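Step one of this worksheet: look at the structure below.
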Amino acid sequence: MTTHIQHAEQLSTTTLLRFATAGSVDDGKSTLVGRLLHDSKSVLTDQLEAVEHASRSRGQEAPDLALLTDGLRAEREQGITIDVAYRYFATPRRRFILADTPGHVQYTRNMVTGASTAELAVVLVDARNGVVEQTRRHAAVAALLRVPHVVLAVNKMDLVDYAEPVFAAIAEEFTAYAASLGVPEITAIPISALAGDNVVEPSAHMDWYGGPTVLEHLETVPVSHDLTACHARFPVQYVIRPQTAEHPDYRGYAGQIAAGAFRVGEAVTVLPSGRTSVIAGIDALGESVDIAWAPQSVTVRLADNIDISRGDLIAPSDDAPAVTRDVEATVCHVADQPLAVGQRVLLKHTTRTVKAIVKDIPSRLTLDDLSQHPAPGQLVANDIGRVVVRTAEPLALDAYADSRRTGSFLLIDPADGTTLTAGMAGASFTAAAEAGPGAAAADDAEWDF
């Protein structure tokens, strides 16, 4: 019992790192993740036995560690990763939430899902193939999503005789490309996930490499997900009006603080209405507190009775975001059906969902040379491009570069609720000139705005 208590106390004092893995097909992502889990003693005995049994039934002598993450039957049968697999593990130094994302081009949208909340992305490259188009695509997605740390894991070094020049050439090419996208930090590590070289334990075959192993880097990279340092934002999720004998006049606004901190007595503005008030009280876990911060779920009480409903945003009066109906953004299209100019959509931003029309698609990104293909007319699945959207009601939207939480949004099909596109408001990572909004206006009947 004492051991469990000590372990729990130890974990409570460690930091949490969210990271995602990405790479081209057969680069060894699932094997790397399996090796991380296995060598860090994060695999239960029955899990390992099941993997060993499945490996033997497929005629493999050694356990196939990729089976630790490829959980879908289709994934195991085809030997590929199809959906994002989340894994939770911990070492004495840090806790981890890992998103293992697919490598196929048609699953690039899944990487957007996995990397959207990540503080670090591990991009795998096969040492025999070097940087390929899918490698560039994953680097571009990491840059678009403003992932602060990128690790280049040059895998299968055992198949190129652990040659330093091979690693150096790949690291130089990838670093130059990622830096041109604006990725702030890139760490290159030569590994063999299959043999375990430089994953958890240092490799005996690469004495020319003096940097950290993958796990050492994951344990020591600075985690900068301090949401309290961002602009304070509180999207209202639910209005609480008990109207009971005990609380006849109670009116509170419940939700999760998206960023920053709020204090009792602070002057706030409610958007999009623009009305102002002062925070009269904050209730957290049934108790009144003087201050609350992201990502706490709280109920905020205001000094004035203002008409507030789900989807409104409460922000400090001296740091409120601008309200707009014209949204310019970089997007990754995730649906099978295309996104076209003139299309009617729903735009979901935090707890607010409004009607909107795609007014223009100025450009689509070509990942080979980062050039902009002007006026493509539509975006298809896995395309990355720029869009201009006109909303029926005003939105309080931050730039994604300033806040990943309140600068992101989804475009949704109003007919069936399908998610069409993941958007990041504001400028993209490249300053390439883009075509201005020149598309013909669509017929806005039935959508009066």
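Residues are referred to by chain and number: the chain letter is A, B, ... according to the order shown in the structure tokens, the number counts from 1 in that chain, and ligands are numbered separately from 1 in the order shown.
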Item to check | range 76-234 of chain A: residues DSSP assigns to strand (DSSP E), reported as a VMD selection string | outcome: chain A and resid 85 to 91 94 to 100 120 to 126 149 to 155 186 to 190 234
With a distance cut-off of 8 Å and only C-alpha atoms, select the neighbouring residues of Pro212 in chain A, excluding the residue or stretch itself and same-chain residues fewer than 2 positions from it, and output the selection as number ranges by chain.
A: 189, 198, 202, 210, 214-217
Written selection (all heavy atoms) as a PDB file, in the first residue's frame:
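Resulting contents of out-v7.pdb:
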```pdb
ATOM      1  N   ILE A 189      17.465  12.763 -33.678  1.00  0.00           N
ATOM      2  CA  ILE A 189      17.993  11.627 -32.922  1.00  0.00           C
ATOM      3  C   ILE A 189      18.041  10.400 -33.837  1.00  0.00           C
ATOM      4  O   ILE A 189      17.014  10.029 -34.413  1.00  0.00           O
ATOM      5  CB  ILE A 189      17.112  11.316 -31.688  1.00  0.00           C
ATOM      6  CG1 ILE A 189      16.965  12.557 -30.795  1.00  0.00           C
ATOM      7  CG2 ILE A 189      17.695  10.157 -30.877  1.00  0.00           C
ATOM      8  CD1 ILE A 189      16.004  12.367 -29.633  1.00  0.00           C
ATOM      9  N   ASN A 198      18.914   3.963 -28.888  1.00  0.00           N
ATOM     10  CA  ASN A 198      18.630   5.375 -28.603  1.00  0.00           C
ATOM     11  C   ASN A 198      17.142   5.672 -28.406  1.00  0.00           C
ATOM     12  O   ASN A 198      16.717   6.814 -28.550  1.00  0.00           O
ATOM     13  CB  ASN A 198      19.186   6.293 -29.711  1.00  0.00           C
ATOM     14  CG  ASN A 198      20.689   6.456 -29.619  1.00  0.00           C
ATOM     15  OD1 ASN A 198      21.281   6.224 -28.569  1.00  0.00           O
ATOM     16  ND2 ASN A 198      21.306   6.836 -30.725  1.00  0.00           N
ATOM     17  N   PRO A 202      20.855   4.254 -24.436  1.00  0.00           N
ATOM     18  CA  PRO A 202      21.815   4.717 -25.442  1.00  0.00           C
ATOM     19  C   PRO A 202      22.317   3.544 -26.292  1.00  0.00           C
ATOM     20  O   PRO A 202      22.432   2.416 -25.821  1.00  0.00           O
ATOM     21  CB  PRO A 202      22.951   5.324 -24.606  1.00  0.00           C
ATOM     22  CG  PRO A 202      22.342   5.626 -23.280  1.00  0.00           C
ATOM     23  CD  PRO A 202      21.285   4.587 -23.057  1.00  0.00           C
ATOM     24  N   GLY A 210      26.215  11.945 -29.479  1.00  0.00           N
ATOM     25  CA  GLY A 210      26.352  12.271 -28.066  1.00  0.00           C
ATOM     26  C   GLY A 210      25.135  12.909 -27.450  1.00  0.00           C
ATOM     27  O   GLY A 210      25.179  13.378 -26.310  1.00  0.00           O
ATOM     28  N   VAL A 214      15.518   9.152 -27.098  1.00  0.00           N
ATOM     29  CA  VAL A 214      14.171   9.700 -27.283  1.00  0.00           C
ATOM     30  C   VAL A 214      13.496   9.918 -25.933  1.00  0.00           C
ATOM     31  O   VAL A 214      12.937  10.992 -25.669  1.00  0.00           O
ATOM     32  CB  VAL A 214      13.318   8.760 -28.164  1.00  0.00           C
ATOM     33  CG1 VAL A 214      11.866   9.253 -28.223  1.00  0.00           C
ATOM     34  CG2 VAL A 214      13.897   8.667 -29.569  1.00  0.00           C
ATOM     35  N   LEU A 215      13.562   8.930 -25.040  1.00  0.00           N
ATOM     36  CA  LEU A 215      12.902   9.069 -23.742  1.00  0.00           C
ATOM     37  C   LEU A 215      13.550  10.168 -22.902  1.00  0.00           C
ATOM     38  O   LEU A 215      12.850  10.931 -22.230  1.00  0.00           O
ATOM     39  CB  LEU A 215      12.916   7.748 -22.976  1.00  0.00           C
ATOM     40  CG  LEU A 215      12.160   7.770 -21.639  1.00  0.00           C
ATOM     41  CD1 LEU A 215      10.677   8.081 -21.865  1.00  0.00           C
ATOM     42  CD2 LEU A 215      12.310   6.461 -20.887  1.00  0.00           C
ATOM     43  N   GLU A 216      14.870  10.257 -22.930  1.00  0.00           N
ATOM     44  CA  GLU A 216      15.555  11.327 -22.184  1.00  0.00           C
ATOM     45  C   GLU A 216      15.075  12.692 -22.644  1.00  0.00           C
ATOM     46  O   GLU A 216      14.822  13.588 -21.823  1.00  0.00           O
ATOM     47  CB  GLU A 216      17.075  11.219 -22.368  1.00  0.00           C
ATOM     48  CG  GLU A 216      17.746  10.126 -21.556  1.00  0.00           C
ATOM     49  CD  GLU A 216      19.223   9.983 -21.894  1.00  0.00           C
ATOM     50  OE1 GLU A 216      19.696  10.652 -22.834  1.00  0.00           O
ATOM     51  OE2 GLU A 216      19.888   9.196 -21.222  1.00  0.00           O
ATOM     52  N   HIS A 217      14.935  12.860 -23.954  1.00  0.00           N
ATOM     53  CA  HIS A 217      14.475  14.156 -24.472  1.00  0.00           C
ATOM     54  C   HIS A 217      13.023  14.420 -24.065  1.00  0.00           C
ATOM     55  O   HIS A 217      12.682  15.540 -23.660  1.00  0.00           O
ATOM     56  CB  HIS A 217      14.618  14.194 -25.994  1.00  0.00           C
ATOM     57  CG  HIS A 217      14.276  15.531 -26.591  1.00  0.00           C
ATOM     58  ND1 HIS A 217      15.067  16.644 -26.416  1.00  0.00           N
ATOM     59  CD2 HIS A 217      13.217  15.932 -27.344  1.00  0.00           C
ATOM     60  CE1 HIS A 217      14.515  17.670 -27.033  1.00  0.00           C
ATOM     61  NE2 HIS A 217      13.391  17.265 -27.609  1.00  0.00           N
TER      62      HIS A 217
END
```
Which of range 164-396 of chain A DSSP labels helix (DSSP H, G or I), written as a CSV table (one decimal) with N, CA and C atoms, in the first residue's frame:
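After the write, part_24.csv holds the following:
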```csv
chain,number,residue,atom,x,y,z
A,164,GLU,N,26.9,7.5,-39.8
A,164,GLU,CA,26.7,8.9,-39.4
A,164,GLU,C,26.4,9.8,-40.6
A,165,PRO,N,27.1,9.7,-41.7
A,165,PRO,CA,26.8,10.6,-42.8
A,165,PRO,C,25.3,10.5,-43.3
A,166,VAL,N,24.7,9.3,-43.3
A,166,VAL,CA,23.3,9.1,-43.7
A,166,VAL,C,22.4,10.0,-42.7
A,167,PHE,N,22.7,9.8,-41.4
A,167,PHE,CA,21.9,10.6,-40.4
A,167,PHE,C,22.1,12.1,-40.6
A,168,ALA,N,23.3,12.5,-40.8
A,168,ALA,CA,23.6,13.9,-40.9
A,168,ALA,C,22.9,14.6,-42.1
A,169,ALA,N,22.9,13.9,-43.2
A,169,ALA,CA,22.3,14.4,-44.4
A,169,ALA,C,20.8,14.6,-44.2
A,170,ILE,N,20.1,13.6,-43.6
A,170,ILE,CA,18.7,13.7,-43.4
A,170,ILE,C,18.4,14.7,-42.4
A,171,ALA,N,19.1,14.8,-41.3
A,171,ALA,CA,18.9,15.8,-40.3
A,171,ALA,C,19.0,17.2,-40.9
A,172,GLU,N,20.0,17.4,-41.7
A,172,GLU,CA,20.3,18.8,-42.3
A,172,GLU,C,19.1,19.2,-43.2
A,173,GLU,N,18.7,18.2,-44.1
A,173,GLU,CA,17.6,18.5,-45.0
A,173,GLU,C,16.3,18.8,-44.2
A,174,PHE,N,15.9,18.0,-43.2
A,174,PHE,CA,14.7,18.2,-42.5
A,174,PHE,C,14.7,19.5,-41.7
A,175,THR,N,15.9,19.7,-41.0
A,175,THR,CA,16.0,20.9,-40.2
A,175,THR,C,15.8,22.2,-41.0
A,176,ALA,N,16.4,22.2,-42.2
A,176,ALA,CA,16.3,23.4,-43.1
A,176,ALA,C,14.8,23.6,-43.5
A,177,TYR,N,14.1,22.5,-43.8
A,177,TYR,CA,12.7,22.6,-44.3
A,177,TYR,C,11.8,23.1,-43.1
A,178,ALA,N,12.0,22.4,-41.9
A,178,ALA,CA,11.1,22.8,-40.8
A,178,ALA,C,11.4,24.2,-40.3
A,179,ALA,N,12.6,24.6,-40.4
A,179,ALA,CA,13.0,26.0,-39.9
A,179,ALA,C,12.3,27.0,-40.9
A,180,SER,N,12.2,26.7,-42.2
A,180,SER,CA,11.6,27.6,-43.1
A,180,SER,C,10.1,27.7,-42.8
A,181,LEU,N,9.5,26.7,-42.2
A,181,LEU,CA,8.1,26.8,-41.8
A,181,LEU,C,7.9,27.5,-40.5
A,214,VAL,N,15.5,9.2,-27.1
A,214,VAL,CA,14.2,9.7,-27.3
A,214,VAL,C,13.5,9.9,-25.9
A,215,LEU,N,13.6,8.9,-25.0
A,215,LEU,CA,12.9,9.1,-23.7
A,215,LEU,C,13.5,10.2,-22.9
A,216,GLU,N,14.9,10.3,-22.9
A,216,GLU,CA,15.6,11.3,-22.2
A,216,GLU,C,15.1,12.7,-22.6
A,217,HIS,N,14.9,12.9,-24.0
A,217,HIS,CA,14.5,14.2,-24.5
A,217,HIS,C,13.0,14.4,-24.1
A,218,LEU,N,12.2,13.4,-24.1
A,218,LEU,CA,10.8,13.5,-23.8
A,218,LEU,C,10.7,13.9,-22.3
A,219,GLU,N,11.6,13.3,-21.5
A,219,GLU,CA,11.5,13.6,-20.0
A,219,GLU,C,12.0,15.0,-19.6
A,220,THR,N,12.9,15.6,-20.5
A,220,THR,CA,13.5,16.8,-20.1
A,220,THR,C,13.1,18.0,-20.9
A,227,LEU,N,-1.4,27.7,-19.6
A,227,LEU,CA,-2.5,28.5,-20.1
A,227,LEU,C,-2.8,29.7,-19.3
A,228,THR,N,-2.2,29.8,-18.1
A,228,THR,CA,-2.5,31.0,-17.3
A,228,THR,C,-1.8,32.2,-17.8
A,229,ALA,N,-0.8,32.0,-18.7
A,229,ALA,CA,0.0,33.2,-19.2
A,229,ALA,C,-0.7,33.7,-20.4
A,317,SER,N,-12.0,43.3,-19.6
A,317,SER,CA,-12.3,44.5,-20.4
A,317,SER,C,-11.1,45.1,-21.0
A,318,ASP,N,-10.0,45.1,-20.4
A,318,ASP,CA,-8.8,45.7,-20.9
A,318,ASP,C,-8.0,44.7,-21.8
A,319,ASP,N,-8.5,43.5,-22.1
A,319,ASP,CA,-7.8,42.6,-23.0
A,319,ASP,C,-8.8,41.7,-23.7
```
Between CA of Gln243 in chain A and CA of Val264 in chain A lies a distance of 23.2 Å
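Among the candidates A:Thr187, A:Thr391, A:Thr350, A:Thr101, the residue lying nearest to Gln237 in chain A is A:Thr350 (atoms considered: only C-alpha atoms).
Comparing the minimum interatomic distances between Pro321 in chain A and each of A:Thr269, A:Ser297, A:Gln343, A:Thr366, counting only C-alpha atoms, we find that A:Thr269 sits nearest.
Each of A:Val239, A:Met157, A:Ala118, A:Ala303 was compared to Ser203 in chain A using only C-alpha atoms, and A:Met157 turns out to be the nearest.
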